[in-house]
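Below is final27.pdb, holding PDB, C-alpha atoms.
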```pdb
ATOM      1  CA  PHE F   1     -58.145  15.851 -56.906
ATOM      2  CA  PHE F   2     -54.674  17.325 -56.543
ATOM      3  CA  PHE F   3     -53.269  18.939 -53.434
ATOM      4  CA  PHE F   4     -50.449  21.387 -53.968
ATOM      5  CA  PHE F   5     -48.215  22.212 -51.040
ATOM      6  CA  VAL F   6     -45.933  25.220 -51.106
ATOM      7  CA  ALA F   7     -43.180  24.722 -48.561
ATOM      8  CA  ASN F   8     -42.555  27.705 -46.391
ATOM      9  CA  GLU F   9     -39.554  28.204 -44.159
ATOM     10  CA  PRO F  10     -40.468  26.093 -41.071
ATOM     11  CA  PHE F  11     -41.619  23.092 -43.093
ATOM     12  CA  SER F  12     -38.625  23.134 -45.450
ATOM     13  CA  ARG F  13     -36.098  22.378 -42.702
ATOM     14  CA  VAL F  14     -35.899  18.612 -43.136
ATOM     15  CA  ALA F  15     -32.380  18.156 -44.453
ATOM     16  CA  PHE F  16     -30.118  15.244 -44.793
ATOM     17  CA  LEU F  17     -33.067  12.869 -45.141
ATOM     18  CA  ARG F  18     -33.118  10.784 -48.307
ATOM     19  CA  GLY F  19     -35.888  11.687 -50.691
ATOM     20  CA  ARG F  20     -36.675  14.974 -48.981
ATOM     21  CA  ALA F  21     -35.803  18.580 -49.681
ATOM     22  CA  ALA F  22     -32.533  19.857 -48.274
ATOM     23  CA  ARG F  23     -32.669  21.915 -45.117
ATOM     24  CA  ARG F  24     -31.408  25.453 -45.126
ATOM     25  CA  TYR F  25     -28.449  24.529 -42.996
ATOM     26  CA  LEU F  26     -26.654  26.614 -41.565
ATOM     27  CA  MET F  27     -29.101  29.086 -40.056
ATOM     28  CA  ILE F  28     -27.619  32.559 -40.363
ATOM     29  CA  ILE F  29     -27.795  36.200 -39.407
ATOM     30  CA  LEU F  30     -26.655  38.548 -42.190
ATOM     31  CA  TYR F  31     -26.047  42.246 -41.611
ATOM     32  CA  GLU F  32     -23.858  45.088 -42.774
ATOM     33  CA  TYR F  33     -22.340  47.931 -40.813
ATOM     34  CA  ARG F  34     -20.122  50.665 -42.211
ATOM     35  CA  TYR F  35     -17.379  49.005 -44.259
ATOM     36  CA  HIS F  36     -18.160  45.333 -43.661
ATOM     37  CA  VAL F  37     -20.793  42.643 -44.176
ATOM     38  CA  TYR F  38     -21.158  40.105 -41.380
ATOM     39  CA  VAL F  39     -22.495  36.555 -41.501
ATOM     40  CA  GLU F  40     -23.017  34.636 -38.271
ATOM     41  CA  ALA F  41     -23.966  30.990 -38.797
ATOM     42  CA  LEU F  42     -25.131  28.477 -36.212
ATOM     43  CA  ALA F  43     -22.897  25.493 -36.819
ATOM     44  CA  PRO F  44     -22.745  23.222 -33.763
ATOM     45  CA  GLY F  45     -20.943  19.934 -34.249
ATOM     46  CA  ILE F  46     -19.357  20.887 -37.559
ATOM     47  CA  ASP F  47     -16.081  19.231 -38.478
ATOM     48  CA  VAL F  48     -14.033  22.445 -38.688
ATOM     49  CA  GLU F  49     -11.465  20.809 -40.973
ATOM     50  CA  SER F  50     -14.229  20.222 -43.556
ATOM     51  CA  LEU F  51     -15.359  23.875 -43.689
ATOM     52  CA  ASP F  52     -14.827  25.598 -47.026
ATOM     53  CA  LEU F  53     -15.795  29.208 -47.738
ATOM     54  CA  ALA F  54     -15.802  30.844 -51.167
ATOM     55  CA  VAL F  55     -16.824  34.317 -52.336
ATOM     56  CA  ILE F  56     -17.815  35.064 -55.910
ATOM     57  CA  ARG F  57     -19.140  38.560 -56.632
ATOM     58  CA  LYS F  58     -22.083  38.980 -54.241
ATOM     59  CA  VAL F  59     -22.420  35.345 -53.138
ATOM     60  CA  LEU F  60     -20.862  33.590 -50.147
ATOM     61  CA  SER F  61     -20.769  29.795 -50.266
ATOM     62  CA  ILE F  62     -20.211  27.772 -47.090
ATOM     63  CA  SER F  63     -19.761  24.010 -47.305
ATOM     64  CA  GLY F  64     -18.696  21.360 -44.861
ATOM     65  CA  GLU F  65     -19.738  18.237 -43.032
ATOM     66  CA  LYS F  66     -21.465  17.459 -39.784
ATOM     67  CA  ARG F  67     -20.626  13.963 -38.645
ATOM     68  CA  ARG F  68     -22.930  11.573 -36.819
ATOM     69  CA  THR F  69     -22.102  11.544 -33.133
ATOM     70  CA  LEU F  70     -23.417   8.031 -32.461
ATOM     71  CA  ASP F  71     -21.574   6.052 -35.142
ATOM     72  CA  HIS F  72     -21.605   2.874 -33.066
ATOM     73  CA  ILE F  73     -25.425   2.636 -33.242
ATOM     74  CA  PRO F  74     -26.881   1.380 -36.560
ATOM     75  CA  PRO F  75     -29.267   3.821 -38.313
ATOM     76  CA  GLU F  76     -32.190   1.335 -38.183
ATOM     77  CA  ALA F  77     -32.058   1.408 -34.348
ATOM     78  CA  PHE F  78     -33.209   5.026 -34.164
ATOM     79  CA  HIS F  79     -36.876   5.785 -33.616
ATOM     80  CA  ARG F  80     -36.289   9.498 -34.117
ATOM     81  CA  ASN F  81     -33.217  11.474 -35.047
ATOM     82  CA  GLU F  82     -33.804  15.179 -35.602
ATOM     83  CA  ARG F  83     -30.164  16.197 -35.476
ATOM     84  CA  ALA F  84     -28.925  16.548 -39.023
ATOM     85  CA  ALA F  85     -25.682  14.965 -40.198
ATOM     86  CA  GLY F  86     -23.875  14.782 -43.509
ATOM     87  CA  LYS F  87     -22.417  17.154 -46.061
ATOM     88  CA  PHE F  88     -24.020  20.535 -46.646
ATOM     89  CA  VAL F  89     -23.665  23.581 -48.872
ATOM     90  CA  ARG F  90     -25.223  26.929 -48.061
ATOM     91  CA  THR F  91     -25.077  29.900 -50.405
ATOM     92  CA  VAL F  92     -25.855  33.369 -49.148
ATOM     93  CA  ASP F  93     -26.702  36.303 -51.406
ATOM     94  CA  LEU F  94     -24.823  39.310 -50.059
ATOM     95  CA  PRO F  95     -26.392  42.793 -50.110
ATOM     96  CA  VAL F  96     -23.308  44.407 -51.718
ATOM     97  CA  GLU F  97     -20.202  43.324 -53.583
ATOM     98  CA  VAL F  98     -17.311  42.422 -51.283
ATOM     99  CA  ASP F  99     -13.536  42.225 -51.593
ATOM    100  CA  ALA F 100     -12.798  38.487 -51.836
ATOM    101  CA  ASP F 101      -9.233  39.103 -50.637
ATOM    102  CA  GLN F 102     -10.440  40.591 -47.346
ATOM    103  CA  VAL F 103     -12.592  37.841 -45.848
ATOM    104  CA  GLU F 104     -12.024  36.547 -42.332
ATOM    105  CA  ALA F 105     -13.712  33.574 -40.678
ATOM    106  CA  ALA F 106     -13.630  32.318 -37.099
ATOM    107  CA  TYR F 107     -15.346  29.333 -35.454
ATOM    108  CA  GLN F 108     -16.022  29.385 -31.728
ATOM    109  CA  HIS F 109     -18.518  27.514 -29.546
ATOM    110  CA  GLY F 110     -20.563  26.294 -32.530
ATOM    111  CA  LEU F 111     -20.800  29.719 -34.174
ATOM    112  CA  LEU F 112     -19.128  30.503 -37.502
ATOM    113  CA  MET F 113     -18.442  34.232 -37.815
ATOM    114  CA  VAL F 114     -17.515  35.593 -41.247
ATOM    115  CA  THR F 115     -16.417  39.189 -41.787
ATOM    116  CA  LEU F 116     -16.356  40.426 -45.382
ATOM    117  CA  ALA F 117     -14.929  43.822 -46.319
ATOM    118  CA  LYS F 118     -17.076  45.740 -48.766
ATOM    119  CA  ALA F 119     -15.589  46.342 -52.206
ATOM    120  CA  ALA F 120     -14.326  49.886 -52.748
ATOM    121  CA  ALA F 121     -17.247  50.646 -55.083
ATOM    122  CA  ALA F 122     -19.746  49.621 -52.386
ATOM    123  CA  LYS F 123     -18.272  51.763 -49.599
ATOM    124  CA  PRO F 124     -19.910  55.114 -48.888
ATOM    125  CA  LYS F 125     -17.963  58.098 -50.125
ATOM    126  CA  GLN F 126     -17.286  61.045 -47.822
ATOM    127  CA  ILE F 127     -17.827  64.311 -49.645
ATOM    128  CA  THR F 128     -16.337  67.482 -48.202
ATOM    129  CA  VAL F 129     -18.506  70.546 -48.518
ATOM    130  CA  THR F 130     -16.597  73.752 -49.117
ATOM    131  CA  VAL F 131     -17.931  77.126 -48.144
ATOM    132  CA  THR F 132     -17.435  79.843 -50.708
TER     133      THR F 132
END
```
Can you turn what I pasted into structure tokens?
Amino acid sequence: FFFFFVANEPFSRVAFLRGRAARRYLMIILYEYRYHVYVEALAPGIDVESLDLAVIRKVLSISGEKRRTLDHIPPEAFHRNERAAGKFVRTVDLPVEVDADQVEAAYQHGLLMVTLAKAAAAKPKQITVTVT
């Protein structure tokens, strides 16, 4: 008798635990408006110096590290620790191609905000209608 379990989103968030699937860390909001694509990522406690963002074609990659806050307590002393720590990498498929030279990122109050300018080919074209 075999039991197959297909992990869906809530059950797959168990990252940074040895021998378990990686959590989809950072949790994001992705949207586009006019000439930009926006990614807002919840990132409390991230070591900002460790953040690294890269854009290749239609993929944004965010990597970094979240350090343990209670380093003076040995890991075996914890009965439960649900706050993830360690290195992470999150890749995000973007809805359109973006200009890798026009990416801005800001980190404030645990929120990473990334603004990506759409590539010229992805921007809507204004067409003037002439009356004859």
**Message:** Residue by residue, what does the PyMOL selection byres ((chain F and resi 30-47) around 10) grab here? Present the result as a PyMOL selection string.
**Reply:** chain F and resi 25-29+48-51+60+62+64-69+84-87+92-99+102-120+122-124
**Message:** One number please: atom CA of Ile56 of chain F to atom CA of Ala121 of chain F, in Å, one decimal.
**Reply:** 15.6 Å
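Between Leu70 of chain F and the residues F:Lys58, F:Val131, F:Arg83, F:Asp52, the shortest atom-to-atom distance, using all atoms listed in the file, involves F:Arg83.
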**Asked** What is the atom CA of Gln126 of chain F to atom CA of Arg57 of chain F distance in Å?
**Response**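 Atom-to-atom, atom CA of Gln126 of chain F and atom CA of Arg57 of chain F are spaced 24.2 Å apart.
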**Gap from atom CA of Pro75 of chain F to atom CA of Phe88 of chain F - Å, one decimal** =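 Atom CA of Phe88 of chain F lies at a distance of 19.4 Å from atom CA of Pro75 of chain F.
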